[in-house]
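What follows is one structure encoded as structure tokens, with my remarks underneath.
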Amino acid sequence: MYPAQFDYKRATSVEEALALLTEADDVKFIAGGHSLIPMMKLRLAQPEMVVDIARIDALRGITEEGDGVRIGALTTHAEIAASSVLHEHCGLIAEAAAEIGDTQVRNRGTIGGNIAHADPGSDLPAALIAAGATVHLQSASSTRTVAAADFFLDLLTTDLSHDELVVAVTIPSLGRSTGCAYLKFEHPASGYAVVGAAAWVKMENRQCSGAGLAINGVTATPFNGNEIAQSLVSTDASDDRIAAAVESVQPEDPMADVFASADYRAHLARVFAKRALVSARDRAV
Amino acid sequence: MGITIELEVNGQPVKREVEARTLLVHFLREDLNLTGTNVGCETSVCGACTVHVDGKAIKSCTQLAVQCDGAKVTTIEGLASNGELHPMQSAFWEEHGLQCGYCTPGMIMAATHLLDNNPSPTEAQIREGLKGNLCRCTGYQNIIKAVQTAAGAEG
Amino acid sequence: MSPVNSVLGSPIKRREDPALITGKGKYTDDLKVFGMLSAVMVRSPFAHARIKSIDTAAAQAMPGVIAVYTAADAEAAGMPGLVPVGWLLDTLKTPPHPMLASEKVNHVGDAVAVVVAEDRYVARDAADAVLVDYEPLSACTNPKDAISDGQAQIHDEAPSNIAFDWEIGDQAKTAAAFAAAAETVRCDLRNQRLIPHAIEPRAVLADWNEATGEMTIHLTTQNPHVHRLLMCLSSIGLPEHKVRVIAPEVGGGFGSKIHHYADETIIAMCSKLCGRPVKWAATRTETNQTDAHGRDHVTSAELALDQDGKILGLRVSTYANMGAYLSTFAPAVPTYLYGTLLSGQYDIPAIYGHVVGAFTNTSPVDAYRGAGRPEATFLVERLMHLAGEATGLGPVEIRKRNFLTPDQFPFETQVALTYDSGNYGPAMDRALEMLGYEQLLADQEQRRQSPNGKQIGIGFSAYIEACGLAPSAVVGSLGAQAGQWESAELRVHPTGSVTVYTGSSSTGQGHKTSFSQIVADRLQLDVSQVEVIQGDTDLVQFGMGSYGSRSGAVGGSAIARSTDKILDKAKLIAGHLLEAAPEDLDFKDGSFCVRGSADHSVAWGDVALQAYLAHNYPENLEPGLVASAFYDPENFTYPFGTHICVVEIDPETGTTELLRYVAVDDVGNVINPMIVDGQIHGGLAQGIGQALWEGAHYDEDGQLLTSSLLDYAVPKMHNLIDFELDRTVTPCPHNPLGVKGVGEAGAIASPPAVVNAVMDALAPWKIQHLDMPLTSEKVWAAVHSQ
């Protein structure tokens with residue numbers, strides 16, 4: 001309940017924040033603090049220095065950009081869940097954000113902190129992978145982008161380097177005639193996703209013309225089911241076809257805990273993938 | 001190693017030196033003696049520590065006091081005005097929305113935020129909107145009635 | 001008799017609430033005393049280990065640290081430091097429970113040292129710097145396994161980890177009943193371990209006055225006098241009159257704040273040795289590791305029936321997990337509070353119960369909302385469900401056929417209780433009516449036509465409770481090391497208002513309100529003229545506290561008796577003033593008047609004033625208007641009712657959704673229906689939580705896997721539904737208020753209602769039993785293994 005001591009610095013620009021990274025061995029950025037502070041209270045994290053990036057206005061906000069949407073790293077889950085821009089271009093992200101934690105958590109937690117923490121039970125990662133999102137990273141010397149599908153490497157581990165900061169996530173517009181669904185089986189205590197299936201289906205002339213799928217909670221990193229979803233393209237995406245497609249949802253090395261075994265998680269992954277795809281299809285029309 | 005922060009708490013300007021690691025809830029309770037805000041867990045689940053920061057309900061156990069430099073904070077002690085109970089407070093009293101009272105300040109702060117965003121919530125929306133606040137006494141039934149009563153009073 | 005428009009029975013708003021809704025309620029951790037220090041405990045990370053050494057030097061040297069204490073310091077403080085057990089059984093082994101472990105730790109969370117510092121952050125830093133060298137030992141956690149060969153031996157005083165071996169009923173008679181049975185049903189079950197989870201964690205503020213030798217302890221307690229008594233008898237090394245225990249606002253208890261914990265004496269020791277006030281508040285992890293847990297039984301139960309579905313006998317064998325040490329009332333819970341409830345609402349001619357209590361490397365287990373009675377009710381009502389299926393009579397008929405009938409009361413059961421009153425049929429009929437049972441059965445049948453679709457289940461629970469453990473002589477003969485009466489004192493002030501001092505001590509039940517209603521009703525005052533004082537050993541003469549749904553029936557009755565004494569004396573004064581015989585006076589509309597002569601009267605306030613002026617006063621009567629009563633009930637009270645739960649099961653995922661919950665309870669007369677309903681609501685939430693989500697889990701090394709609210713599922717608002725309540729009223733015949741008790745009813749009745757509903761939904765799959773909590777995986781696995 002009582003974090004260990006640390007130095008606190010406040011940055012007003014990305015450059016300043018990145019420069020502060022060199023001032024101590026173990027530096028953590030803090031924005032909403034909803035990934036970091038819980039770890040610090042349990043003393044599972046004891047950073048030497050914490051750099052507060054919450055006042056860097058450049059990292060804030062949801063904007064239309066090209067054929068898609070840019071979400072600044074400091075944007076809160078509540079802002080994402082309520083964003084009309086996102087609902088227009090990719091409602092899947094908003095729907096997943098609305099499932100995170102509870103109202104208070106969503107008011108403070110940010111998308112940057114969420115994905116950098118890479119909790120397997122979090123709700124956003126699968127939605128980002130299903131939607132084909134791109135993560136924008138910046139270091140003192142360079143900027144780069146990583147596909148969300150390649151960003152999550154392992155349990156609580158991402159492609160983010162020690163000298164980098166997540167600055168934004170961009171989401172391609174899923175276009176018209178697209179339905180989305182994020183269906184979550186939540187842990188009764190933590191509220192995290194035991195399984196969270198994010199799906200979108202585009203239906204044109206009763207034919208599926210695009211689809212995406214990814215699943216949180218089952219494996220250390222989100223299960224990427226985009227290829228499975230794409231097997232529905234050029235079909236009528238009927239219930240039977242969806243049911244057949246999700247048989248290929250065979251997560252490797254599913255996680256297990258007191259609440260849900262590996263087998264059960266894998267089973268739920270298929271059930272929720274199916275239900276999410278069916279629901280997304282139904283909403284597409 | 002203290003850091004000076006300035007903020008507004010319940011309408012009053014406050015300037016204090018705090019350690020960087022001081023959680024907002026401890027700052028409110030220990031430094032400002034605002035003990036209405038309670039601590040019920042250490043994993044950001046129970047919601048007993050809910051306060052408003054810049055008009056939004058947050059869990060003050062998951063926030064450093066230094067993060068709130070410059071912010072406007074409202075706690076349960078700041079909800080009533082001019083000796084008049086806030087309609088949510090009255091409704092909790094009217095509907096027996098509390099027993100031991102420990103979760104109550106956080107519950108009321110979360111509930112007022114809920115109505116700020118949705119003045120006429122359904123029962124399902126109340127249940128979903130307040131799931132970040134645990135109560136072990138009431139089974140929640142009368143809390144929901146209280147929120148509905150407050151919604152009616154405000155609406 | 002009370003006037004028709006009596007304040008008694010009215011849903012008046014709670015007098016507690018203005019402070020609590022404005023943040024002005026003061027709980028223990030809200031208190032500050034000048035010079036106060038903070039303490040943090042150093043606790044064992046191992047379930048079972050030998051302590052090789054404890055090095056406090058580094059911690060001691062940290063800035064802001066005042067002291068670090070271990071067991072060795074207790075002696076210096078003159079404290080025996082032994083945590084006592086308050087209920088003894090013939091076969092009970094009582095190994096010592098030192099407040100700070102020095103040789104061996106026996107569960108995760110066992111305290112080995114305490115750090116006192118200027119603030120909690122610093123104390124926590126220093127606690128991390130205390131170096132304890134442990135030699136880990138093998139651990140055991142399951143009560144049935146713990147007593148078998150090859151298991152870790154926890155206490156030298158308790159060979160094979162057996163704490164006690166206890167039986168009730170008639171073994172031979174029960175065996176004969178089974179031999180004669182036309183049908184038997186059996187259920188092997190685990191009544192899982194629960195963590196109480198009052199939202200306020202336990203806390204202590206101890207303030208030692210070296211000059212006067214007085215120790216003041218603010219404490220999260222349900223029974224301050226009992227706490228003081230246990231401390232003075234065994235742990236704190238101070239005489240009772242020099243210790244003051246105060247319960248400020250207490251944020252829920254549910255049993256967990258009855259017990260005397262090591263922490264209380266450790267903090268008192270800190271204050272004594274530092275010479276400054278010291279406060280400690282548990283973190284949630286600490287409460288989960290060290291609050292006494294509840295339940296944790298491994299049980300086999302069998303019911304014998306004749307060809308008509310009449311019960312012939314019940315046989316129960318239970319292994320009860322006591323945890324690493326015997327908590328305050330732990331031995332009573334799986335014995336006298338459990339075995340005695342095995343007859344339920346039924347006429348059972350032969351019962352035999354056998355319970356073995358086992359020590360394990362887990363947190364101690366003691367009373368948690370219901371305490372023994374939920375465990376008994378669960379197995380009885382599961383067996384009734386199975387009997388309804390086995391006999392084809394169904395859940396309603398099997399119960400009705402075996403209910404005790406109103407003419408059988410008072411009824412002496414085969415397990416040592418005499419039920420005072422009851423009328424079980426009408427409660428069940430009312431519940432069925434509210435439910436619309438026939439329609440639901442039709443819906444269920446229709447759902448069953450699509451076996452892969454969602455299924456409906458309807459579950460029943462016809463429960464009995466025994467509230468207000470009593471009388472003292474009886475509980476003493478059963479092993480209680482305390483009486484089970486309650487005290488009250490009424491002080492009428494010269495202006496006629498009243499202060500009530502009660503030995504009951506609220507943790508949220510609304511005593512101030514309900515007790516004011518009793519006094520206001522009897523003394524014909526407005527409730528605003530009554531103040532209620534509780535929870536302070538210096539103010540209240542003595543009290544047994546609040547647990548076991550006893551405050552209304554026992555504490556309230558003590559207050560009623562005190563008002564009777566006040567009225568008796570007031571009539572002597574009024575009679576003197578009116579020049580009439582006291583027995584010729586009526587007390588009506590706040591005045592004493594001479595019967596048949598309404599205008600010849602004297603007001604309550606004038607009588608009260610004269611009691612203190614004593615100017616115009618009866619001879620040989622002491623001035624003052626004060627009375628106290630120690631009410632020792634002649635029996636338990638026996639609330640009862642029928643609860644029905646309706647669930648929907650998704651066979652594809654195993655998830656259970658609550659659709660309906662109907663509860664018809666009979667708690668006798670009702671003082672405040674709003675408060676009574678609230679108690680039912682809260683009990684239901686906890687019982688439904690047990691049925692579906694809650695459970696403490698230890699791994700095989702004795703690590704608690706559910707030490708936080710991220711792992712232990714306390715029901716949240718979106719998990720529950722709107723409960724449908726009603727009441728029947730069968731007054732308690734033996735207390736002055738006719739009240740029975742309500743605090744635990746919901747938690748006792750609901751687990752079997754929910755589980756029976758789920759099992760009913762799963763009937764097409766022919767699944768006999770699943771253990772709580774009925775997690776979705778358990779249900780799914782059962783369905784898919786068919």
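All residue names refer to the structure tokens as shown: chains lettered A, B, ... in order, residues numbered from 1 in each chain, ligands numbered from 1 in order.
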May I have the residues of chain B within 10 Å of chain A, counting only C-alpha atoms, written as a PyMOL selection string?
-> chain B and resi 1-3+19-23+26+39+41-45+47+50-53+56-64+66-67+110+113-114+128-133
Set the distance at 9 Å and use only C-alpha atoms: which residues neighbour stretch 122-126 of chain B once local chain neighbours fewer than 6 positions away are removed? I'd like the list as a PDB file with all heavy atoms, in the first residue's frame.
```
ATOM      1  N   ALA B 111     -21.312   7.723  -7.412  1.00  0.00           N
ATOM      2  CA  ALA B 111     -22.699   7.838  -7.865  1.00  0.00           C
ATOM      3  C   ALA B 111     -22.999   9.241  -8.396  1.00  0.00           C
ATOM      4  O   ALA B 111     -23.716   9.397  -9.384  1.00  0.00           O
ATOM      5  CB  ALA B 111     -23.646   7.489  -6.716  1.00  0.00           C
ATOM      6  N   LEU B 114     -21.633   9.381 -11.754  1.00  0.00           N
ATOM      7  CA  LEU B 114     -22.493   8.630 -12.679  1.00  0.00           C
ATOM      8  C   LEU B 114     -23.637   9.519 -13.182  1.00  0.00           C
ATOM      9  O   LEU B 114     -23.900   9.586 -14.387  1.00  0.00           O
ATOM     10  CB  LEU B 114     -23.053   7.387 -11.972  1.00  0.00           C
ATOM     11  CG  LEU B 114     -24.059   6.541 -12.753  1.00  0.00           C
ATOM     12  CD1 LEU B 114     -23.355   5.725 -13.827  1.00  0.00           C
ATOM     13  CD2 LEU B 114     -24.826   5.599 -11.819  1.00  0.00           C
ATOM     14  N   ILE B 144     -28.801   1.182  -5.108  1.00  0.00           N
ATOM     15  CA  ILE B 144     -29.403   1.435  -6.422  1.00  0.00           C
ATOM     16  C   ILE B 144     -30.668   2.284  -6.269  1.00  0.00           C
ATOM     17  O   ILE B 144     -30.876   3.248  -7.002  1.00  0.00           O
ATOM     18  CB  ILE B 144     -29.678   0.092  -7.127  1.00  0.00           C
ATOM     19  CG1 ILE B 144     -28.342  -0.542  -7.504  1.00  0.00           C
ATOM     20  CG2 ILE B 144     -30.566   0.282  -8.351  1.00  0.00           C
ATOM     21  CD1 ILE B 144     -28.396  -2.008  -7.797  1.00  0.00           C
ATOM     22  N   LYS B 145     -31.470   1.938  -5.267  1.00  0.00           N
ATOM     23  CA  LYS B 145     -32.658   2.761  -5.014  1.00  0.00           C
ATOM     24  C   LYS B 145     -32.271   4.209  -4.720  1.00  0.00           C
ATOM     25  O   LYS B 145     -32.931   5.150  -5.166  1.00  0.00           O
ATOM     26  CB  LYS B 145     -33.447   2.197  -3.824  1.00  0.00           C
ATOM     27  CG  LYS B 145     -34.486   1.167  -4.231  1.00  0.00           C
ATOM     28  CD  LYS B 145     -34.996   0.389  -3.036  1.00  0.00           C
ATOM     29  CE  LYS B 145     -36.012   1.125  -2.191  1.00  0.00           C
ATOM     30  NZ  LYS B 145     -36.468   0.254  -1.055  1.00  0.00           N
ATOM     31  N   VAL B 147     -29.637   5.845  -5.740  1.00  0.00           N
ATOM     32  CA  VAL B 147     -29.195   6.540  -6.955  1.00  0.00           C
ATOM     33  C   VAL B 147     -30.416   6.899  -7.797  1.00  0.00           C
ATOM     34  O   VAL B 147     -30.500   8.007  -8.348  1.00  0.00           O
ATOM     35  CB  VAL B 147     -28.200   5.671  -7.757  1.00  0.00           C
ATOM     36  CG1 VAL B 147     -27.827   6.357  -9.069  1.00  0.00           C
ATOM     37  CG2 VAL B 147     -26.944   5.392  -6.930  1.00  0.00           C
ATOM     38  N   GLN B 148     -31.372   5.985  -7.852  1.00  0.00           N
ATOM     39  CA  GLN B 148     -32.597   6.280  -8.603  1.00  0.00           C
ATOM     40  C   GLN B 148     -33.360   7.447  -7.970  1.00  0.00           C
ATOM     41  O   GLN B 148     -33.878   8.315  -8.665  1.00  0.00           O
ATOM     42  CB  GLN B 148     -33.486   5.029  -8.671  1.00  0.00           C
ATOM     43  CG  GLN B 148     -32.913   3.963  -9.601  1.00  0.00           C
ATOM     44  CD  GLN B 148     -33.575   2.602  -9.436  1.00  0.00           C
ATOM     45  OE1 GLN B 148     -34.123   2.295  -8.370  1.00  0.00           O
ATOM     46  NE2 GLN B 148     -33.521   1.780 -10.477  1.00  0.00           N
TER      47      GLN B 148
ATOM     48  N   MET C 717     -21.642  -4.900  -7.809  1.00  0.00           N
ATOM     49  CA  MET C 717     -23.013  -4.481  -8.055  1.00  0.00           C
ATOM     50  C   MET C 717     -23.616  -5.153  -9.297  1.00  0.00           C
ATOM     51  O   MET C 717     -24.773  -5.537  -9.297  1.00  0.00           O
ATOM     52  CB  MET C 717     -23.043  -2.957  -8.210  1.00  0.00           C
ATOM     53  CG  MET C 717     -24.400  -2.359  -7.925  1.00  0.00           C
ATOM     54  SD  MET C 717     -24.406  -0.572  -8.015  1.00  0.00           S
ATOM     55  CE  MET C 717     -23.760  -0.076  -6.440  1.00  0.00           C
ATOM     56  N   HIS C 718     -22.813  -5.317 -10.343  1.00  0.00           N
ATOM     57  CA  HIS C 718     -23.367  -5.867 -11.581  1.00  0.00           C
ATOM     58  C   HIS C 718     -23.500  -7.390 -11.537  1.00  0.00           C
ATOM     59  O   HIS C 718     -24.061  -7.973 -12.457  1.00  0.00           O
ATOM     60  CB  HIS C 718     -22.528  -5.424 -12.779  1.00  0.00           C
ATOM     61  CG  HIS C 718     -21.150  -6.006 -12.825  1.00  0.00           C
ATOM     62  ND1 HIS C 718     -20.255  -5.869 -11.793  1.00  0.00           N
ATOM     63  CD2 HIS C 718     -20.526  -6.742 -13.761  1.00  0.00           C
ATOM     64  CE1 HIS C 718     -19.137  -6.483 -12.111  1.00  0.00           C
ATOM     65  NE2 HIS C 718     -19.271  -7.023 -13.296  1.00  0.00           N
TER      66      HIS C 718
END
```
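Excluding C:Glu200 itself and any same-chain residue fewer than 3 positions from it, the protein and nucleic acid residues within 7 Å of it, counting only C-alpha atoms, are Gly40 and Tyr102 of chain B; Gly251 and Gly252 of chain C.
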May I ask you to extract the residues of chain C within 12 Å of chain A, using only C-alpha atoms, and to give them as a ChimeraX atom specification?
-> /C:40,119-128,281-286,650-655,689,692-699,704-720,773-782,784
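If only C-alpha atoms are the atoms counted, then among C:Gly535, C:Asn635, C:Asp156, C:Ala292 the closest residue to C:Ser472 is C:Asn635.
The gap separating atom CA of C:Ile680 from atom CA of C:Ala747 is 8.1 Å, in Å to one decimal.
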